[in-house]
Amino acid sequence: MQHLYSVLQTGGVGLLESPTGTGKTLSLICSTLQWLEDRNKADAQEALAASTSQESCCGTGCEADSDLPDWMRSRGAFGALHPSGEAPAKGAKQLARSGARPPGLQEERQGISKEEAEFLLDEWESEGEDCGSKRKANGYASIDSSSDEDGTDTEEEETPKRRQVYFCSRTHSQLSQFVSELHRTPFAASFSVATVASRKALCINDSVQRLGNATRINEKCLDLQSGKGRKKVVTEAQGNTKASSKSHSGCPFRKANMTSQRQLKDTVLAMPMDVEDMARLGRRKELCPYYAARAALPEADLVLLPYPALLLKETRESLGVRLEGNVVVVDEAHNLVDAVNNVHSALITAQQLATAHSALESYYQRFRALLAPGNSKHIQTLMCLASTLQKCWNRPSGAAGTRLDTVNDFLFSMELDNMNFFRLIRYIKESKVLVKIAGYADATSARAGDEVTPNATDGQTQSDGGSGMSSLHALVGLASALNNADADGRIIVDTAAKTLKFVLLNAGAHFVQVLASAHAVVLASGTLAPVSSLKQQLFPGLPATQLHQFSCGHVVPKERLLAVALGRGPTGATLDLRHEQRAQSSSMDEIGTLLTNICQAVPQGVVAFFPSFAYADAVYAHWQSSGALAALRSKKHVFREPRSSVEVEAVLRQVSSLYHIAHLAQMEKGPSGALLLCVVGGKMSEGINFADGMGRCVVMVGMPFPNPTDPELCERMRFMDTCAASTPAACTDTSSAAGDGVAPISASSPGREYFEDLCMKAVNQCIGRVIRHRGDWAAILLADVRWTAGGANKPLRKLPGWIQESLVVASGFGDAYSRIRRFVRSM
Ligand code: SF4
């Protein structure tokens, strides 16, 4: 906690490694919130000192605040109300939002039915070549085309800026655990907390939730609040047309009476809540918890949010996440690089392109006569983009059916280099054109009798393989990705799968925005090992003075852990489990015998991790025919990790029901305890707790290296080599050559190191499942000859320090077996 507190004091980046059971979450809560409390006090004192040294609050001799209590005056540091009582700039903001269509426009909609009129766009003027500010025709803008694309309250209030801590984790359940821990501290009562979540997680409108897919839920919610069901009340005030905030939403849970919505926001802020709590509260009050959470965000001291809400600039801006001068804590940060890469990558299929093009075309044909030049131009640009991209699969590709290009090479080769993607994306965001086009496409399909019911699993329509909205979003996602710097990503055209993908290679180019804004960024995890690639990918140019790294030892004494690296099987054969060798029946027999012996030696639960589902299936099938499975079943009840996540819980319940009765003495009488066959990277390799008898031994079967021929991985490795050979600044220049998947990758290089790190990161996650608290104990068996080879560079050095302390390299299987047996008997 002291380390963490000092990072918050000085600012910069803190890397915190704290294994499970060491109280990582409580440490994060207590140090960040104590720091926040201290800073707020210091700020208040500074503000008080400043205000008492001034004669007036505004330098004009006004002494209106002299009667105010100290605490109220001190809030001036964060933008308190002016003594005049006027909220600054509020009027200007409302004025910018105000407006309606000019009289007479409705009459011009000749030939357009009343139903179709709702799909018409507000007018949009073409912009000048200087890329200057866009203008709505005649200064008019409707509520639903305002910058408030996301439907934020029109009666938005200016809230005083406050110092905030943003706590970010991967899943809602991890954020829920954080809230439970927060309740154990006195800070739960003294700090206001807002939990930000998606509409999919918080929407309480059942008819909207039934759509199942996040894109469609967002789309429907916005739809409800924009044109359909929202009544615009136009009044004339001081010569300006003004949209009243008394307009009502099409959703019954977003009431016209904003007082009740505000009360819900205040309730949300009054006590830390997780997503489930907020959804329950919303249902009880019959008020939308999603918008209550959004309204609460600017007023919260502590904001809990999932990764995308932090990592995407557009989402930050839309939600009102302000990082400037604030603290960001990212939990489970070993996932952070992947998360940054994923949220900034984009994929579109041939089917989606065709659907998007068709939706654009039919909309344009129907409304072209009524579209303002600005709208017309941009919709035509989108049509041109969609039709041009459909030709990308006709270009020559490599032997594997894929082609890799830099962004610029791709744009030139597709003759899209003259397209202004910045302007196009801005138009799409601000005009809400996608909602109109997709709405029209859906209405047309419905009229034609097409089934547009969303698929429960992927939200795509059954009739066309992709809804208008999801296809348009995919198109815009790709267009947006094409704005990345040339060297920061690659375009992968997969001719066989008919997909077009942008992959981000330079995660640091986006994460730098978070680093540059926040006062301090803390990356926390049970293990960040190997740390080197995390640093290189996220903050390659960060001065060492701004990087603070600290690692907590495990709470478990080293005597309660045994890690064994083993290169030979029970028959003395080399455990060569490389991809090409491991499917041989002799290898699979060796693994079967090894596991049978381990199940004999270890009481309660044994967990074995295989490198892939395909290999686990092959081994299991082989064991069924060879009799190895029967031998295993004579020692343990054998379970397999299900592919479907909904079945995981049931399997874990069965495994946990067995360990309580499984003791060494009972093992002589028949199968006792469970053997769980899992897959690295599967649902059970992360976030699952194999504490106590659930996992007394974890066996890593082979080493889970990624596929070295994967074009995306090859390009990423090549990119890392290029960056390492240049100065950090060169990572974002445009001089990198396009990869064609055949350029050699150095045998010893940052790229190669990254390749190995991917394997080690996966291993560290798997083996970390079995030691969960101070009283726990477990053995770890690393079964592959590669663990024992490699001299000083062997992969064992990339294991977390607390495991290395208990590590031995066995001379053979007999040595490993007797060590494990002795260890188990000593516990
Ligand atoms: S306003 Fe809230 S409850 Fe209504 S549809 Fe949108 S997210 Fe759902």
# chains A, B, ... in the order shown; residues from 1 in each chain; ligands from 1
>>> residues_near_ligand(ligand="ligand 1", cutoff="6 Å", atoms="only C-alpha atoms and all ligand atoms", output="PyMOL selection string")
chain A and resi 199+203-205+208+221+251+253-254+288+290
>>> write_last_selection(atoms="N, CA and C atoms", output="tab-separated table (two decimals), in the first residue's frame")
chain	number	residue	atom	x	y	z
A	199	ARG	N	-25.63	-0.86	-21.91
A	199	ARG	CA	-27.09	-1.02	-21.89
A	199	ARG	C	-27.45	-2.49	-21.77
A	203	CYS	N	-30.03	-2.42	-19.08
A	203	CYS	CA	-31.36	-2.08	-19.59
A	203	CYS	C	-32.44	-2.93	-18.89
A	204	ILE	N	-33.51	-2.27	-18.45
A	204	ILE	CA	-34.58	-2.99	-17.76
A	204	ILE	C	-35.86	-3.02	-18.60
A	205	ASN	N	-35.74	-2.57	-19.83
A	205	ASN	CA	-36.88	-2.64	-20.74
A	205	ASN	C	-36.84	-4.02	-21.41
A	208	VAL	N	-36.67	-4.47	-25.11
A	208	VAL	CA	-35.38	-4.11	-25.70
A	208	VAL	C	-34.34	-5.18	-25.37
A	221	CYS	N	-32.58	1.37	-28.10
A	221	CYS	CA	-32.71	2.38	-27.04
A	221	CYS	C	-32.61	3.79	-27.64
A	251	CYS	N	-39.09	5.23	-24.28
A	251	CYS	CA	-38.95	4.15	-23.30
A	251	CYS	C	-39.67	4.55	-22.01
A	253	PHE	N	-39.22	3.69	-19.12
A	253	PHE	CA	-38.36	3.77	-17.94
A	253	PHE	C	-37.49	5.02	-17.93
A	254	ARG	N	-37.65	5.84	-18.94
A	254	ARG	CA	-36.94	7.10	-18.93
A	254	ARG	C	-38.01	8.19	-18.93
A	288	CYS	N	-34.76	3.94	-15.53
A	288	CYS	CA	-33.61	3.35	-16.24
A	288	CYS	C	-32.29	3.50	-15.43
A	290	TYR	N	-29.35	2.55	-16.47
A	290	TYR	CA	-28.23	2.86	-17.36
A	290	TYR	C	-27.99	4.37	-17.39
>>> residues_around(residues="Gln549 of chain A", least_positions_apart="3", cutoff="10 Å", atoms="only C-alpha atoms", output="list in words")
His3, Leu4, Val7, Val13, Gly14, Leu15, Leu16, Glu17, Val522, Leu523, Val531 and Gln546 of chain A
>>> closest_atom_pairs(of="segment 324-366 of chain A", to="segment 372-389 of chain A", cutoff="12 Å", atoms="only C-alpha atoms", output="JSON lines")
{"residue": "A:Ile348", "atom": "CA", "partner": "A:Leu389", "partner_atom": "CA", "distance": 9.9}
{"residue": "A:Thr349", "atom": "CA", "partner": "A:Leu389", "partner_atom": "CA", "distance": 10.3}
{"residue": "A:Ala350", "atom": "CA", "partner": "A:Leu389", "partner_atom": "CA", "distance": 8.9}
{"residue": "A:Gln351", "atom": "CA", "partner": "A:Ala386", "partner_atom": "CA", "distance": 11.3}
{"residue": "A:Gln352", "atom": "CA", "partner": "A:Ala386", "partner_atom": "CA", "distance": 9.6}
{"residue": "A:Leu353", "atom": "CA", "partner": "A:Ala386", "partner_atom": "CA", "distance": 6.0}
{"residue": "A:Ala354", "atom": "CA", "partner": "A:Ala386", "partner_atom": "CA", "distance": 7.6}
{"residue": "A:Thr355", "atom": "CA", "partner": "A:Ala386", "partner_atom": "CA", "distance": 9.5}
{"residue": "A:Ala356", "atom": "CA", "partner": "A:Ala386", "partner_atom": "CA", "distance": 7.1}
{"residue": "A:His357", "atom": "CA", "partner": "A:Ala386", "partner_atom": "CA", "distance": 5.5}
{"residue": "A:Ser358", "atom": "CA", "partner": "A:Met383", "partner_atom": "CA", "distance": 8.7}
{"residue": "A:Ala359", "atom": "CA", "partner": "A:Met383", "partner_atom": "CA", "distance": 9.2}
{"residue": "A:Leu360", "atom": "CA", "partner": "A:Met383", "partner_atom": "CA", "distance": 6.1}
{"residue": "A:Glu361", "atom": "CA", "partner": "A:Met383", "partner_atom": "CA", "distance": 6.8}
{"residue": "A:Ser362", "atom": "CA", "partner": "A:Met383", "partner_atom": "CA", "distance": 10.4}
{"residue": "A:Tyr363", "atom": "CA", "partner": "A:Ile379", "partner_atom": "CA", "distance": 9.1}
{"residue": "A:Tyr364", "atom": "CA", "partner": "A:Ile379", "partner_atom": "CA", "distance": 7.2}
{"residue": "A:Gln365", "atom": "CA", "partner": "A:Ser376", "partner_atom": "CA", "distance": 10.5}
{"residue": "A:Arg366", "atom": "CA", "partner": "A:Ser376", "partner_atom": "CA", "distance": 11.8}
>>> select_by_dssp(residues="segment 150-228 of chain A", states="strand (DSSP E)", output="list of chain:residue names")
A:Val165, A:Tyr166, A:Phe167, A:Cys168, A:Ser169, A:Val193, A:Ala194, A:Thr195
>>> closest_residue(among="A:Val193, A:Leu310, A:Met469, A:Met271", to="Ala296 of chain A", atoms="only C-alpha atoms")
A:Val193
>>> select_by_dssp(residues="segment 555-677 of chain A", states="alpha helix (DSSP H)", output="PDB file with C-alpha atoms, in the first residue's frame")
ATOM      1  CA  SER A 585       0.250 -42.307 -30.009  1.00  0.00           C
ATOM      2  CA  SER A 586       3.434 -42.993 -28.027  1.00  0.00           C
ATOM      3  CA  SER A 587       3.341 -39.388 -26.734  1.00  0.00           C
ATOM      4  CA  MET A 588      -0.324 -39.642 -25.820  1.00  0.00           C
ATOM      5  CA  ASP A 589       0.303 -42.969 -24.042  1.00  0.00           C
ATOM      6  CA  GLU A 590       3.159 -41.363 -22.105  1.00  0.00           C
ATOM      7  CA  ILE A 591       0.910 -38.525 -20.967  1.00  0.00           C
ATOM      8  CA  GLY A 592      -1.810 -40.999 -19.962  1.00  0.00           C
ATOM      9  CA  THR A 593       0.579 -43.022 -17.809  1.00  0.00           C
ATOM     10  CA  LEU A 594       2.061 -39.877 -16.296  1.00  0.00           C
ATOM     11  CA  LEU A 595      -1.355 -38.578 -15.271  1.00  0.00           C
ATOM     12  CA  THR A 596      -2.425 -41.959 -13.881  1.00  0.00           C
ATOM     13  CA  ASN A 597       0.643 -41.951 -11.646  1.00  0.00           C
ATOM     14  CA  ILE A 598       0.058 -38.400 -10.519  1.00  0.00           C
ATOM     15  CA  CYS A 599      -3.581 -39.214  -9.742  1.00  0.00           C
ATOM     16  CA  GLN A 600      -2.284 -42.121  -7.664  1.00  0.00           C
ATOM     17  CA  ALA A 601       0.126 -39.883  -5.726  1.00  0.00           C
ATOM     18  CA  PHE A 613      -9.271 -28.169 -27.470  1.00  0.00           C
ATOM     19  CA  ALA A 614      -8.275 -30.053 -30.624  1.00  0.00           C
ATOM     20  CA  TYR A 615      -5.323 -31.714 -28.893  1.00  0.00           C
ATOM     21  CA  ALA A 616      -7.353 -32.455 -25.739  1.00  0.00           C
ATOM     22  CA  ASP A 617     -10.016 -34.118 -27.915  1.00  0.00           C
ATOM     23  CA  ALA A 618      -7.410 -36.208 -29.764  1.00  0.00           C
ATOM     24  CA  VAL A 619      -5.763 -37.353 -26.530  1.00  0.00           C
ATOM     25  CA  TYR A 620      -9.079 -38.203 -24.904  1.00  0.00           C
ATOM     26  CA  ALA A 621     -10.182 -40.235 -27.928  1.00  0.00           C
ATOM     27  CA  HIS A 622      -6.852 -42.075 -27.917  1.00  0.00           C
ATOM     28  CA  TRP A 623      -7.124 -42.846 -24.216  1.00  0.00           C
ATOM     29  CA  GLN A 624     -10.610 -44.240 -24.717  1.00  0.00           C
ATOM     30  CA  SER A 625      -9.317 -46.811 -27.173  1.00  0.00           C
ATOM     31  CA  SER A 626      -5.989 -47.505 -25.479  1.00  0.00           C
ATOM     32  CA  ALA A 628      -5.610 -45.189 -20.451  1.00  0.00           C
ATOM     33  CA  LEU A 629      -8.929 -43.545 -19.652  1.00  0.00           C
ATOM     34  CA  ALA A 630     -10.090 -46.609 -17.718  1.00  0.00           C
ATOM     35  CA  ALA A 631      -6.832 -46.525 -15.738  1.00  0.00           C
ATOM     36  CA  LEU A 632      -7.385 -42.873 -14.920  1.00  0.00           C
ATOM     37  CA  ARG A 633     -10.960 -43.558 -13.874  1.00  0.00           C
ATOM     38  CA  VAL A 648     -18.773 -24.702 -16.947  1.00  0.00           C
ATOM     39  CA  GLU A 649     -20.606 -23.989 -13.716  1.00  0.00           C
ATOM     40  CA  ALA A 650     -22.202 -27.441 -13.614  1.00  0.00           C
ATOM     41  CA  VAL A 651     -18.852 -29.186 -14.118  1.00  0.00           C
ATOM     42  CA  LEU A 652     -17.224 -27.112 -11.384  1.00  0.00           C
ATOM     43  CA  ARG A 653     -20.064 -27.981  -8.984  1.00  0.00           C
ATOM     44  CA  GLN A 654     -19.499 -31.690  -9.570  1.00  0.00           C
ATOM     45  CA  VAL A 655     -15.737 -31.359  -9.100  1.00  0.00           C
ATOM     46  CA  SER A 656     -16.118 -29.406  -5.880  1.00  0.00           C
ATOM     47  CA  SER A 657     -18.615 -31.930  -4.488  1.00  0.00           C
ATOM     48  CA  LEU A 658     -15.932 -34.611  -4.694  1.00  0.00           C
ATOM     49  CA  TYR A 659     -12.964 -33.072  -2.972  1.00  0.00           C
TER      50      TYR A 659
END
>>> closest_residue(among="A:Gly569, A:Pro603, A:Gly627, A:Gly553", to="Thr20 of chain A", atoms="only C-alpha atoms")
A:Gly553
>>> closest_atom_pairs(of="segment 529-626 of chain A", to="segment 697-702 of chain A", cutoff="8 Å", atoms="only C-alpha atoms", output="Markdown table")
| residue | atom | partner | partner_atom | distance |
| --- | --- | --- | --- | --- |
| A:Asp576 | CA | A:Gly702 | CA | 8.0 |
| A:Leu577 | CA | A:Gly702 | CA | 5.2 |
| A:Arg578 | CA | A:Gly702 | CA | 7.1 |
| A:Ile591 | CA | A:Val701 | CA | 7.7 |
| A:Val602 | CA | A:Cys697 | CA | 7.0 |
| A:Gly605 | CA | A:Cys697 | CA | 7.0 |
| A:Val606 | CA | A:Cys697 | CA | 4.9 |
| A:Val607 | CA | A:Val698 | CA | 4.7 |
| A:Ala608 | CA | A:Val699 | CA | 4.6 |
| A:Phe609 | CA | A:Met700 | CA | 5.1 |
| A:Phe610 | CA | A:Val701 | CA | 5.3 |
| A:Pro611 | CA | A:Gly702 | CA | 6.7 |
>>> closest_residue(among="A:Thr171, A:Gln261, A:Thr32, A:Gln225", to="Asp274 of chain A", atoms="only C-alpha atoms")
A:Thr171
>>> closest_residue(among="A:Thr25, A:Ser533, A:Ser31, A:Asn342", to="Leu312 of chain A", atoms="only C-alpha atoms")
A:Asn342
>>> atom_distance(atom1="atom CA of Phe178 of chain A", atom2="atom CA of Ser525 of chain A")
13.5 Å
